[in-house]
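Engineer: Here it is, the structure in full.
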Amino acid sequence: MNIRVFRIVPLAMLLAAPLTAQTRLQYPPAAKGTQVDDYHGVKVADPYRWLENPDSPETRAWIQAENALTFGYLGSIPERPAIRGRLEQAQNYMRYGSGWKAGGKYFFYMNTGLQNQSVLYFQDGRNAKPRVLIDPNTLSTNGTVALSTVAVSHNGRYIAYAINRAGSDWQEFRIREINTGRDLPDRIEWAKFTGASWTHDNKGFFYSRYDAPTGTNALTGSNKFHKLYYHRVGTPQSRDQLIYDRPDQPDWGFDANVTDDGAFLIINVWQGTDTRNRLYFIDFDNPGKPRITAPVVKLVDRLDAAYNFAGNDGTNFYVRTDLQAPNGRVVGIDIDNPRQERWYTIVPEGKDAMVSARAIGGRLAVSLLQDAHSVIRFYDLPRRPATRGDRMSGVNNRRPGAVQRRGLGLTSAVFEIQLPDLGSADDISGTDDDTEMFYTFTSFLRPRSIYRFDVRSRRNEVWKESKTTIDVSKFETRQVFYNSKDGTRVPMFIVLRKGVAQDGNNPTLLYGYGGFDISETPTFSSSRLVWLEMGGVYASANLRGGGEYGRAWHEGGMLDKKQNVFDDFIAAAEYLIREKYTSTPKLAITGGSNGGLLVGAVLNQRPDLFGAAIPAVGVMDMLRFDQFTIGAAWASDYGSPGKPDQFKTLYAYSPLHNIKSTCYPPTLILTADHDDRVVPGHSFKYAAALQAAQTCARPTLIRIDVDAGHGAGKPTSKTLDEYADRYAFLVRNLGMTLTFR
């Protein structure tokens with residue numbers, strides 16, 4: 001895709017009069033076509049269908065004109081340079097990403113401050129001198145090539161790594177020798193939504209991909225027929241071995257991981273964004289000489305619950321599931337006798353939502369959410385139950401090298417890690433045959449650092465610590481609870497400067513997501529701290545549709561219950577106003593992707609409630625989202641416009657189709673030309689329709705980033721530019737006086 005965009009155009013060329021609060025912007029003309037679609041007897045006009053083609057001359061001209069208007073407007077805001085400068089100062093600190101141990105070596109991501117991409121380091125011992133392994137900043141001149149996934153071979157010789165270009169979801173895999181830093185000739189293209197997992201003979205790894213797209217539809221074409229492959233080191237991709245595919249199931253996808261003992265390949269079969277999945281495996285028989293072509297065994301072949309592999313003791317598998325346990329539990333399954341009635345509970349369901357479980361150091365590390373913040377508990381693992389054959393022969397049918405368990409299983413935790421704050425523990429890593437576990441921890445006021453936990457000694461320590469240059473002691477985090485429209489109790493985090501008066505005059509930014517079982521837990525952001533320094537308040541609402549309280553919370557905000565998400569968000573705004581944190585003229589809302597949909601929907605439903613809005617990379621056309629890239633996968637959460645009842649629900653809240661002629665709050669729409677997750681046509685059509693419907697002088701602008709995608713891997717420089725534009729827009733439209741305190 002080659003979309004030319006003008007960065008800055010003199011504002012006087014774009015406006016008919018000097019810019020004031022009452023100036024009505026002159027929006028670029030957007031021709032209305034005659035496209036009308038029939039959905040189950042309902043005629044629906046789609047006048048801006050032509051904007052779905054990002055490469056047409058008409059769309060390119062519209063993009064150029066819109067960006068000229070938007071960047072001219074933003075560039076005229078006097079406070080923007082100071083905001084951009086402060087954002088850069090705040091971001092310029094040494095910070096760490098995830099860390100882990102593999103192949104006898106230690107790995108971590110680090111950014112010295114303003115590097116566009118974080119660099120991957122390794123060290124031979126936990127306290128040895130780090131060495132650069134992969135620096136993605138050397139792979140492009142503008143920082144738009146990012147690392148997306150890496151996998152270390154069992155012997156620590158190789159690392160398979162994938163790069164993504166300009167924010168696209170497409171992945172290109174390469175292989176590097178760790179000690180020499182030399183890349184092998186191997187290249188794997190058109191991989192997507194996949195990691196890599198090595199066999200224990202170190203000869204190759206598994207990954208998943210789609211067929212190469214045809215024509216020019218690489219960034220918009222629908223993604224169908226995921227396939228699982230095995231790549232052998234030193235061979236061309238054309239010789240990669242197809243391990244499993246389902247030509248009869250175009251929407252199925254495959255994640256594959258080799259077990260810690262190297263004896264099995266676990267295949268997670270996913271269908272769209274549904275949290276429910278199928279669980280298959282391949283028995284390699286011998287980890288040293290794995291039979292990768294062995295038959296695929298369907299351990300769980302029904303789409304009735306989530307089934308996530310957590311570890312194994314020989315042929316005894318540990319699986320986290322929400323079957324008959326909406327908050328999650330861990331069960332043991334003997335794969336030689338896998339009937340459901342023989343499953344036994346290892347960790348029972350509790351009041352907290354179980355996020356993940358993993359066998360580490362002979363115990364089970366379980367991550368949970370307690371009112372939207374993390375808890376990590378350890379449980380003993382049971383001895384493998386004797387099978388009928390064991391009892392007859394008098395032997396233990398345990399595979400060689402398996403960890404000997406410490407007990408018969410418990411119904412309560414052995415111990416809990418003391419985390420430093422109400423925050424988020426993520427990136428948990430470790431193996432069943434090693435007592436070292438690594439994880440990251442962050443909160444709203446604590447930057448992400450890497451922690452090391454020894455399962456045997458129970459020592460918890462910071463391994464790599466990030467230290468912001470901002471004095472976070474000036475701020476505080478509050479967790480509040482409010483009632484939604486139907487009486488449901490919803491949590492919300494509020495971050496603000498200590499001593500701020502609750503007088504209704506505080507500029508406030510309310511964030512929400514509410515979908516796909518994704519939990520919005522506390523995270524650190526230097527740009528958010530700059531907002532607090534500017535006198536702003538930040539609020540994050542834990543809406544239904546997420547996973548904060550397990551499956552019931554998720555299902556309470558999906559399909560025909562999606563309106564609950566919008567009601568929860570509106571109730572959050574009303575709470576902030578009622579409690580005088582802010583007032584309507586001072587309240588801005590924002591969200592990205594599914595959160596962009598959220599912002600678009602509530603703007604239509606309550607345009608009177610908000611002082612400004614920033615929807616980012618949003619799903620705005622709920623009648624055609626399934627026509628592009630991976631959009632069809634979202635039907636598990638949204639429903640399908642092809643089904644009459646679900647169409648009715650989608651049509652009722654679709655942001656694009658519910659725009660009306662009224663005075664909307666000042667709105668800055670964000671998207672990117674290389675977004676192949678939520679294609680930019682969503683935002684293009686929405687912006688054209690909103691501009692045509694706006695009845696007052698409040699600005700309705702769209703900012704279209706170039707060489708950028710849905711958000712992952714965005715260079716630091718682009719992120720700083722975007723947040724400078726966001727905050728400058730809010731300074732002007734919320735009536736803020738810029739001071740950094």
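Identifiers for the structure tokens are assigned positionally: chains receive A, B, ... in sequence, residues are indexed from 1 per chain, and ligands are indexed from 1 in the order shown.
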Can you pull out the residues contacting segment 25-32 of chain A? Cut-off 9 Å, using only C-alpha atoms, and skip same-chain residues under 3 positions away; I want them as a ChimeraX atom specification.
Structural biologist: /A:14-16,19,35,46-50,62,65-66,69,688-689,691-692,697-701
Engineer: Generate a file of the selected residues that holds N, CA, C and O atoms, formatted as an mmCIF file, in the first residue's frame.
Structural biologist:
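Final output, saved to again_1.cif:
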data_model
loop_
_atom_site.group_PDB
_atom_site.id
_atom_site.type_symbol
_atom_site.label_atom_id
_atom_site.label_comp_id
_atom_site.auth_asym_id
_atom_site.auth_seq_id
_atom_site.Cartn_x
_atom_site.Cartn_y
_atom_site.Cartn_z
ATOM 1 N N LEU A 14 -6.883 26.339 4.788
ATOM 2 C CA LEU A 14 -7.921 25.350 5.003
ATOM 3 C C LEU A 14 -9.183 25.925 5.612
ATOM 4 O O LEU A 14 -10.251 25.318 5.542
ATOM 5 N N LEU A 15 -9.080 27.072 6.255
ATOM 6 C CA LEU A 15 -10.217 27.623 6.979
ATOM 7 C C LEU A 15 -10.685 28.915 6.326
ATOM 8 O O LEU A 15 -9.890 29.710 5.823
ATOM 9 N N ALA A 16 -11.981 29.089 6.362
ATOM 10 C CA ALA A 16 -12.549 30.287 5.750
ATOM 11 C C ALA A 16 -12.410 31.504 6.657
ATOM 12 O O ALA A 16 -12.581 32.630 6.222
ATOM 13 N N LEU A 19 -9.272 30.831 13.258
ATOM 14 C CA LEU A 19 -9.739 29.748 14.123
ATOM 15 C C LEU A 19 -10.137 30.275 15.487
ATOM 16 O O LEU A 19 -9.356 30.881 16.196
ATOM 17 N N GLN A 35 -24.898 2.967 -3.031
ATOM 18 C CA GLN A 35 -24.897 1.582 -2.562
ATOM 19 C C GLN A 35 -25.961 1.370 -1.480
ATOM 20 O O GLN A 35 -26.017 2.097 -0.481
ATOM 21 N N ASP A 46 -25.207 2.470 2.201
ATOM 22 C CA ASP A 46 -23.774 2.524 2.532
ATOM 23 C C ASP A 46 -23.110 3.502 1.566
ATOM 24 O O ASP A 46 -22.353 3.108 0.678
ATOM 25 N N PRO A 47 -23.367 4.797 1.724
ATOM 26 C CA PRO A 47 -22.940 5.777 0.721
ATOM 27 C C PRO A 47 -21.432 5.962 0.615
ATOM 28 O O PRO A 47 -20.948 6.448 -0.406
ATOM 29 N N TYR A 48 -20.702 5.559 1.654
ATOM 30 C CA TYR A 48 -19.251 5.760 1.624
ATOM 31 C C TYR A 48 -18.493 4.451 1.404
ATOM 32 O O TYR A 48 -17.336 4.312 1.808
ATOM 33 N N ARG A 49 -19.143 3.499 0.753
ATOM 34 C CA ARG A 49 -18.506 2.200 0.483
ATOM 35 C C ARG A 49 -17.172 2.376 -0.236
ATOM 36 O O ARG A 49 -16.233 1.598 -0.024
ATOM 37 N N TRP A 50 -17.066 3.397 -1.071
ATOM 38 C CA TRP A 50 -15.845 3.602 -1.847
ATOM 39 C C TRP A 50 -14.618 3.845 -0.973
ATOM 40 O O TRP A 50 -13.484 3.588 -1.398
ATOM 41 N N TRP A 62 -8.881 11.848 -0.629
ATOM 42 C CA TRP A 62 -9.631 12.162 0.592
ATOM 43 C C TRP A 62 -8.732 12.070 1.820
ATOM 44 O O TRP A 62 -8.784 12.925 2.704
ATOM 45 N N ALA A 65 -6.468 15.105 2.012
ATOM 46 C CA ALA A 65 -7.190 16.303 2.420
ATOM 47 C C ALA A 65 -7.560 16.256 3.900
ATOM 48 O O ALA A 65 -7.453 17.265 4.611
ATOM 49 N N GLU A 66 -7.986 15.102 4.389
ATOM 50 C CA GLU A 66 -8.344 14.971 5.803
ATOM 51 C C GLU A 66 -7.118 15.168 6.698
ATOM 52 O O GLU A 66 -7.184 15.861 7.727
ATOM 53 N N LEU A 69 -6.141 18.825 6.890
ATOM 54 C CA LEU A 69 -6.997 19.564 7.804
ATOM 55 C C LEU A 69 -6.652 19.244 9.256
ATOM 56 O O LEU A 69 -6.484 20.148 10.086
ATOM 57 N N ALA A 688 -16.392 10.309 7.613
ATOM 58 C CA ALA A 688 -17.144 10.999 6.564
ATOM 59 C C ALA A 688 -18.592 11.197 6.984
ATOM 60 O O ALA A 688 -19.179 12.284 6.792
ATOM 61 N N ALA A 689 -19.191 10.161 7.583
ATOM 62 C CA ALA A 689 -20.589 10.249 8.008
ATOM 63 C C ALA A 689 -20.753 11.211 9.172
ATOM 64 O O ALA A 689 -21.728 11.986 9.222
ATOM 65 N N GLN A 691 -18.803 13.786 10.002
ATOM 66 C CA GLN A 691 -18.600 15.158 9.540
ATOM 67 C C GLN A 691 -19.846 15.690 8.838
ATOM 68 O O GLN A 691 -20.230 16.856 9.018
ATOM 69 N N ALA A 692 -20.504 14.842 8.048
ATOM 70 C CA ALA A 692 -21.710 15.264 7.335
ATOM 71 C C ALA A 692 -22.867 15.519 8.286
ATOM 72 O O ALA A 692 -23.751 16.348 8.010
ATOM 73 N N ALA A 697 -20.223 23.816 15.453
ATOM 74 C CA ALA A 697 -18.845 24.137 15.086
ATOM 75 C C ALA A 697 -17.803 23.267 15.764
ATOM 76 O O ALA A 697 -16.608 23.434 15.518
ATOM 77 N N ARG A 698 -18.218 22.345 16.619
ATOM 78 C CA ARG A 698 -17.246 21.484 17.286
ATOM 79 C C ARG A 698 -16.511 20.621 16.259
ATOM 80 O O ARG A 698 -17.131 20.038 15.375
ATOM 81 N N PRO A 699 -15.189 20.491 16.371
ATOM 82 C CA PRO A 699 -14.414 19.784 15.336
ATOM 83 C C PRO A 699 -14.678 18.285 15.318
ATOM 84 O O PRO A 699 -14.832 17.650 16.359
ATOM 85 N N THR A 700 -14.718 17.751 14.115
ATOM 86 C CA THR A 700 -14.805 16.306 13.897
ATOM 87 C C THR A 700 -13.677 15.960 12.936
ATOM 88 O O THR A 700 -13.782 16.191 11.735
ATOM 89 N N LEU A 701 -12.582 15.426 13.471
ATOM 90 C CA LEU A 701 -11.353 15.242 12.704
ATOM 91 C C LEU A 701 -10.938 13.781 12.686
ATOM 92 O O LEU A 701 -11.269 13.013 13.583
#
Engineer: Going by DSSP on the backbone, which residues of segment 70-212 of chain A come out as strand (DSSP E or B)? List them as an MDAnalysis selection string.
Structural biologist: chainID A and resid 95:102 105:111 119:123 131:134 145:152 158:165 171:177 183 188:191 197:198 204:209
Engineer: Next, write the just-selected residues to a file, as a CSV table (one decimal), in the first residue's frame, keeping C-alpha atoms as the atom set.
Structural biologist:
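Just written: part02.csv:
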chain,number,residue,atom,x,y,z
A,95,ARG,CA,12.7,0.2,31.0
A,96,TYR,CA,12.2,-3.5,30.7
A,97,GLY,CA,9.8,-5.8,29.0
A,98,SER,CA,9.4,-9.5,29.6
A,99,GLY,CA,12.2,-11.8,30.8
A,100,TRP,CA,12.6,-15.5,30.8
A,101,LYS,CA,15.0,-18.5,30.9
A,102,ALA,CA,15.4,-20.9,28.0
A,105,LYS,CA,20.3,-18.8,29.0
A,106,TYR,CA,18.5,-15.7,30.2
A,107,PHE,CA,16.6,-13.3,28.0
A,108,PHE,CA,14.9,-9.9,28.4
A,109,TYR,CA,13.7,-6.9,26.5
A,110,MET,CA,15.1,-3.4,27.3
A,111,ASN,CA,14.7,0.1,25.9
A,119,VAL,CA,16.0,-4.5,22.1
A,120,LEU,CA,16.3,-8.3,22.9
A,121,TYR,CA,19.3,-9.1,25.2
A,122,PHE,CA,20.6,-12.4,26.5
A,123,GLN,CA,23.1,-13.5,29.1
A,131,ARG,CA,24.7,-9.0,25.2
A,132,VAL,CA,22.5,-7.7,22.4
A,133,LEU,CA,20.8,-10.5,20.6
A,134,ILE,CA,18.3,-8.8,18.3
A,145,VAL,CA,9.9,-3.0,11.9
A,146,ALA,CA,9.1,-4.7,15.2
A,147,LEU,CA,9.7,-8.0,16.9
A,148,SER,CA,6.5,-9.9,17.5
A,149,THR,CA,7.4,-13.3,18.9
A,150,VAL,CA,10.6,-15.3,19.6
A,151,ALA,CA,11.3,-18.9,20.5
A,152,VAL,CA,14.6,-20.4,21.8
A,158,TYR,CA,19.0,-21.0,18.0
A,159,ILE,CA,16.3,-18.4,18.3
A,160,ALA,CA,13.4,-18.2,15.9
A,161,TYR,CA,12.1,-14.7,15.7
A,162,ALA,CA,9.3,-13.0,13.8
A,163,ILE,CA,9.2,-9.4,12.5
A,164,ASN,CA,6.2,-7.3,11.6
A,165,ARG,CA,6.5,-4.4,9.2
A,171,GLN,CA,4.9,-12.1,10.4
A,172,GLU,CA,8.2,-13.1,8.8
A,173,PHE,CA,10.2,-15.7,10.7
A,174,ARG,CA,14.0,-15.8,10.7
A,175,ILE,CA,16.5,-18.0,12.6
A,176,ARG,CA,19.6,-16.6,14.4
A,177,GLU,CA,22.5,-18.4,16.1
A,183,ASP,CA,21.2,-15.2,10.8
A,188,ILE,CA,9.2,-18.0,6.6
A,189,GLU,CA,6.6,-15.7,5.1
A,190,TRP,CA,2.8,-15.2,5.5
A,191,ALA,CA,2.7,-16.4,9.1
A,197,SER,CA,7.8,-24.0,19.3
A,198,TRP,CA,10.9,-26.2,18.9
A,204,GLY,CA,13.0,-27.4,13.8
A,205,PHE,CA,9.9,-25.7,15.1
A,206,PHE,CA,6.2,-25.6,14.6
A,207,TYR,CA,4.3,-22.5,13.4
A,208,SER,CA,1.0,-21.6,11.8
A,209,ARG,CA,0.3,-19.6,8.6
Engineer: What's the 12 Å shell around Pro615 of chain A, counting only C-alpha atoms, without same-chain residues fewer than 2 positions away, as a ChimeraX atom specification?
Structural biologist: /A:510-513,588-603,612-613,617-620,655,666-671,682-683,686-687,700-703,726
Engineer: Next, dump the selected residues to file, keeping only C-alpha atoms, as an mmCIF file, in the first residue's frame.
Structural biologist:
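part16.cif, freshly written:
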data_model
loop_
_atom_site.group_PDB
_atom_site.id
_atom_site.type_symbol
_atom_site.label_atom_id
_atom_site.label_comp_id
_atom_site.auth_asym_id
_atom_site.auth_seq_id
_atom_site.Cartn_x
_atom_site.Cartn_y
_atom_site.Cartn_z
ATOM 1 C CA LEU A 510 -12.239 7.986 30.819
ATOM 2 C CA TYR A 511 -11.014 4.803 29.128
ATOM 3 C CA GLY A 512 -12.900 1.585 28.390
ATOM 4 C CA TYR A 513 -12.759 -1.589 26.311
ATOM 5 C CA ALA A 588 -13.281 13.100 27.493
ATOM 6 C CA ILE A 589 -13.673 9.439 26.556
ATOM 7 C CA THR A 590 -11.320 7.174 24.674
ATOM 8 C CA GLY A 591 -10.827 3.557 23.664
ATOM 9 C CA GLY A 592 -9.165 1.569 20.911
ATOM 10 C CA SER A 593 -10.270 -1.246 18.607
ATOM 11 C CA ASN A 594 -13.296 -2.758 20.373
ATOM 12 C CA GLY A 595 -12.923 0.267 22.648
ATOM 13 C CA GLY A 596 -13.194 2.499 19.569
ATOM 14 C CA LEU A 597 -16.511 0.808 18.844
ATOM 15 C CA LEU A 598 -17.489 1.550 22.444
ATOM 16 C CA VAL A 599 -16.734 5.261 22.069
ATOM 17 C CA GLY A 600 -18.591 5.462 18.753
ATOM 18 C CA ALA A 601 -21.659 3.728 20.176
ATOM 19 C CA VAL A 602 -21.960 5.857 23.336
ATOM 20 C CA LEU A 603 -21.410 9.061 21.343
ATOM 21 C CA ALA A 612 -14.677 15.311 23.853
ATOM 22 C CA ALA A 613 -14.032 11.880 22.329
ATOM 23 C CA VAL A 617 -8.800 2.105 15.296
ATOM 24 C CA GLY A 618 -12.445 1.326 16.023
ATOM 25 C CA VAL A 619 -14.792 -1.310 14.638
ATOM 26 C CA MET A 620 -17.384 1.160 13.350
ATOM 27 C CA PRO A 655 -21.587 3.396 15.304
ATOM 28 C CA PRO A 666 -15.315 17.480 19.637
ATOM 29 C CA THR A 667 -14.041 14.201 18.187
ATOM 30 C CA LEU A 668 -10.592 13.096 17.043
ATOM 31 C CA ILE A 669 -10.739 9.753 15.200
ATOM 32 C CA LEU A 670 -7.478 7.790 15.027
ATOM 33 C CA THR A 671 -6.551 5.112 12.490
ATOM 34 C CA HIS A 682 -14.113 1.510 9.313
ATOM 35 C CA SER A 683 -12.781 4.866 10.507
ATOM 36 C CA TYR A 686 -17.345 6.766 10.147
ATOM 37 C CA ALA A 687 -15.460 10.068 9.841
ATOM 38 C CA THR A 700 -14.805 16.306 13.897
ATOM 39 C CA LEU A 701 -11.353 15.242 12.704
ATOM 40 C CA ILE A 702 -9.602 12.076 11.601
ATOM 41 C CA ARG A 703 -5.870 11.489 12.087
ATOM 42 C CA ARG A 726 -4.315 13.667 21.610
#
Engineer: For Arg320 of chain A, work out the shell of residues within 10 Å, counting only C-alpha atoms and skipping chain neighbours fewer than 6 positions away, then give it as a list of chain:residue names.
Structural biologist: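 Using only C-alpha atoms, the neighbours found are A:Ala306, A:Tyr307, A:Asn308, A:Phe309, A:Ala310, A:Gly311, A:Gly328, A:Arg329, A:Val330, A:Val331, A:Gly332, A:Thr345, A:Ile346, A:Val347, A:Met354, A:Val355, A:Ser356, A:Ala357, A:Arg358, A:Val366.
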Engineer: Kindly save the residues from that selection, with N, CA and C atoms included, as a PDB file, in the first residue's frame.
Structural biologist:
ATOM      1  N   ALA A 306     -13.482 -23.456  27.694  1.00  0.00           N
ATOM      2  CA  ALA A 306     -12.065 -23.207  27.460  1.00  0.00           C
ATOM      3  C   ALA A 306     -11.254 -24.374  28.009  1.00  0.00           C
ATOM      4  N   TYR A 307     -10.242 -24.809  27.255  1.00  0.00           N
ATOM      5  CA  TYR A 307      -9.356 -25.888  27.679  1.00  0.00           C
ATOM      6  C   TYR A 307      -7.925 -25.456  27.375  1.00  0.00           C
ATOM      7  N   ASN A 308      -7.189 -25.089  28.403  1.00  0.00           N
ATOM      8  CA  ASN A 308      -5.833 -24.576  28.231  1.00  0.00           C
ATOM      9  C   ASN A 308      -4.838 -25.489  28.927  1.00  0.00           C
ATOM     10  N   PHE A 309      -3.921 -26.023  28.161  1.00  0.00           N
ATOM     11  CA  PHE A 309      -2.913 -26.947  28.687  1.00  0.00           C
ATOM     12  C   PHE A 309      -2.029 -26.228  29.696  1.00  0.00           C
ATOM     13  N   ALA A 310      -1.820 -26.853  30.867  1.00  0.00           N
ATOM     14  CA  ALA A 310      -1.033 -26.236  31.938  1.00  0.00           C
ATOM     15  C   ALA A 310       0.227 -27.017  32.271  1.00  0.00           C
ATOM     16  N   GLY A 311       0.370 -28.232  31.756  1.00  0.00           N
ATOM     17  CA  GLY A 311       1.537 -29.050  32.049  1.00  0.00           C
ATOM     18  C   GLY A 311       1.164 -30.514  32.014  1.00  0.00           C
ATOM     19  N   GLY A 328     -13.168 -20.704  36.456  1.00  0.00           N
ATOM     20  CA  GLY A 328     -12.013 -21.509  36.093  1.00  0.00           C
ATOM     21  C   GLY A 328     -11.577 -22.479  37.168  1.00  0.00           C
ATOM     22  N   ARG A 329     -11.043 -23.605  36.766  1.00  0.00           N
ATOM     23  CA  ARG A 329     -10.462 -24.606  37.654  1.00  0.00           C
ATOM     24  C   ARG A 329      -9.401 -25.350  36.857  1.00  0.00           C
ATOM     25  N   VAL A 330      -8.585 -26.155  37.536  1.00  0.00           N
ATOM     26  CA  VAL A 330      -7.591 -26.994  36.865  1.00  0.00           C
ATOM     27  C   VAL A 330      -7.970 -28.445  37.112  1.00  0.00           C
ATOM     28  N   VAL A 331      -8.006 -29.222  36.029  1.00  0.00           N
ATOM     29  CA  VAL A 331      -8.348 -30.637  36.136  1.00  0.00           C
ATOM     30  C   VAL A 331      -7.184 -31.485  35.638  1.00  0.00           C
ATOM     31  N   GLY A 332      -7.148 -32.723  36.083  1.00  0.00           N
ATOM     32  CA  GLY A 332      -6.200 -33.702  35.593  1.00  0.00           C
ATOM     33  C   GLY A 332      -6.908 -34.651  34.637  1.00  0.00           C
ATOM     34  N   THR A 345     -10.420 -32.855  39.812  1.00  0.00           N
ATOM     35  CA  THR A 345     -10.074 -31.456  40.054  1.00  0.00           C
ATOM     36  C   THR A 345      -8.794 -31.347  40.874  1.00  0.00           C
ATOM     37  N   ILE A 346      -7.862 -30.544  40.386  1.00  0.00           N
ATOM     38  CA  ILE A 346      -6.612 -30.263  41.095  1.00  0.00           C
ATOM     39  C   ILE A 346      -6.731 -28.935  41.836  1.00  0.00           C
ATOM     40  N   VAL A 347      -7.180 -27.903  41.128  1.00  0.00           N
ATOM     41  CA  VAL A 347      -7.442 -26.600  41.736  1.00  0.00           C
ATOM     42  C   VAL A 347      -8.917 -26.294  41.514  1.00  0.00           C
ATOM     43  N   MET A 354      -9.760 -17.183  37.311  1.00  0.00           N
ATOM     44  CA  MET A 354      -8.474 -17.808  37.008  1.00  0.00           C
ATOM     45  C   MET A 354      -8.041 -17.406  35.601  1.00  0.00           C
ATOM     46  N   VAL A 355      -6.902 -16.739  35.508  1.00  0.00           N
ATOM     47  CA  VAL A 355      -6.403 -16.236  34.233  1.00  0.00           C
ATOM     48  C   VAL A 355      -5.553 -17.274  33.520  1.00  0.00           C
ATOM     49  N   SER A 356      -4.653 -17.928  34.261  1.00  0.00           N
ATOM     50  CA  SER A 356      -3.755 -18.899  33.643  1.00  0.00           C
ATOM     51  C   SER A 356      -3.252 -19.860  34.705  1.00  0.00           C
ATOM     52  N   ALA A 357      -2.719 -20.981  34.238  1.00  0.00           N
ATOM     53  CA  ALA A 357      -2.093 -21.962  35.126  1.00  0.00           C
ATOM     54  C   ALA A 357      -0.938 -22.599  34.368  1.00  0.00           C
ATOM     55  N   ARG A 358       0.145 -22.859  35.089  1.00  0.00           N
ATOM     56  CA  ARG A 358       1.335 -23.418  34.444  1.00  0.00           C
ATOM     57  C   ARG A 358       2.144 -24.211  35.461  1.00  0.00           C
ATOM     58  N   VAL A 366      -0.657 -20.458  39.513  1.00  0.00           N
ATOM     59  CA  VAL A 366      -1.976 -20.046  39.040  1.00  0.00           C
ATOM     60  C   VAL A 366      -2.102 -18.536  39.189  1.00  0.00           C
TER      61      VAL A 366
END
Engineer: Can you pull out every residue from segment 552-714 of chain A that DSSP, working from the backbone, puts in helix (DSSP H, G or I), and format the result as a PyMOL selection string?
Structural biologist: chain A and resi 552-555+559-561+563-578+584-586+594-605+625-627+631-638+644-653+656-658+681-693
Engineer: Next, the residues of the selection above should be written as a short mmCIF file (atom, residue, chain, number, x, y, z; two decimals), in the first residue's frame with C-alpha atoms.
Structural biologist:
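The result, written out as result32.cif:
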data_model
loop_
_atom_site.label_atom_id
_atom_site.label_comp_id
_atom_site.auth_asym_id
_atom_site.auth_seq_id
_atom_site.Cartn_x
_atom_site.Cartn_y
_atom_site.Cartn_z
CA ALA A 552 -20.15 -14.71 33.34
CA TRP A 553 -18.65 -11.20 33.17
CA HIS A 554 -17.54 -11.78 29.60
CA GLU A 555 -20.84 -13.24 28.47
CA LEU A 559 -23.79 -10.82 21.49
CA ASP A 560 -27.30 -9.66 22.43
CA LYS A 561 -25.97 -8.32 25.75
CA GLN A 563 -25.63 -2.93 25.23
CA ASN A 564 -24.57 -3.72 28.81
CA VAL A 565 -21.05 -2.60 27.89
CA PHE A 566 -22.30 0.77 26.69
CA ASP A 567 -24.52 1.14 29.76
CA ASP A 568 -21.56 0.35 32.04
CA PHE A 569 -19.45 3.02 30.32
CA ILE A 570 -22.18 5.63 30.44
CA ALA A 571 -22.71 4.84 34.15
CA ALA A 572 -18.96 5.31 34.74
CA ALA A 573 -19.15 8.77 33.19
CA GLU A 574 -22.20 9.62 35.27
CA TYR A 575 -20.40 8.45 38.44
CA LEU A 576 -17.40 10.70 37.72
CA ILE A 577 -19.73 13.65 37.22
CA ARG A 578 -21.93 12.83 40.22
CA THR A 584 -19.57 17.10 31.12
CA PRO A 585 -17.56 19.95 29.52
CA LYS A 586 -14.39 18.56 31.13
CA ASN A 594 -13.30 -2.76 20.37
CA GLY A 595 -12.92 0.27 22.65
CA GLY A 596 -13.19 2.50 19.57
CA LEU A 597 -16.51 0.81 18.84
CA LEU A 598 -17.49 1.55 22.44
CA VAL A 599 -16.73 5.26 22.07
CA GLY A 600 -18.59 5.46 18.75
CA ALA A 601 -21.66 3.73 20.18
CA VAL A 602 -21.96 5.86 23.34
CA LEU A 603 -21.41 9.06 21.34
CA ASN A 604 -24.52 8.20 19.36
CA GLN A 605 -26.48 7.25 22.46
CA PHE A 625 -16.68 -6.10 9.87
CA ASP A 626 -16.71 -9.77 8.87
CA GLN A 627 -15.67 -9.00 5.28
CA GLY A 631 -12.97 -9.79 11.09
CA ALA A 632 -15.09 -12.92 10.67
CA ALA A 633 -13.47 -14.26 13.84
CA TRP A 634 -15.15 -11.54 15.91
CA ALA A 635 -18.60 -13.00 15.30
CA SER A 636 -18.14 -15.11 18.43
CA ASP A 637 -18.30 -11.89 20.49
CA TYR A 638 -20.40 -9.64 18.25
CA PRO A 644 -31.44 -12.16 11.26
CA ASP A 645 -31.60 -11.89 15.06
CA GLN A 646 -27.95 -10.95 15.40
CA PHE A 647 -28.23 -8.44 12.56
CA LYS A 648 -31.00 -6.70 14.48
CA THR A 649 -28.73 -6.33 17.53
CA LEU A 650 -25.74 -5.15 15.51
CA TYR A 651 -27.75 -2.65 13.50
CA ALA A 652 -29.19 -1.17 16.69
CA TYR A 653 -25.78 -0.01 18.02
CA LEU A 656 -21.70 4.07 11.55
CA HIS A 657 -25.39 3.33 11.18
CA ASN A 658 -26.68 5.25 14.20
CA GLY A 681 -12.15 1.75 6.06
CA HIS A 682 -14.11 1.51 9.31
CA SER A 683 -12.78 4.87 10.51
CA PHE A 684 -12.83 6.44 7.03
CA LYS A 685 -16.56 5.79 6.56
CA TYR A 686 -17.35 6.77 10.15
CA ALA A 687 -15.46 10.07 9.84
CA ALA A 688 -17.14 11.00 6.56
CA ALA A 689 -20.59 10.25 8.01
CA LEU A 690 -19.91 12.06 11.29
CA GLN A 691 -18.60 15.16 9.54
CA ALA A 692 -21.71 15.26 7.34
CA ALA A 693 -24.00 14.92 10.39
#
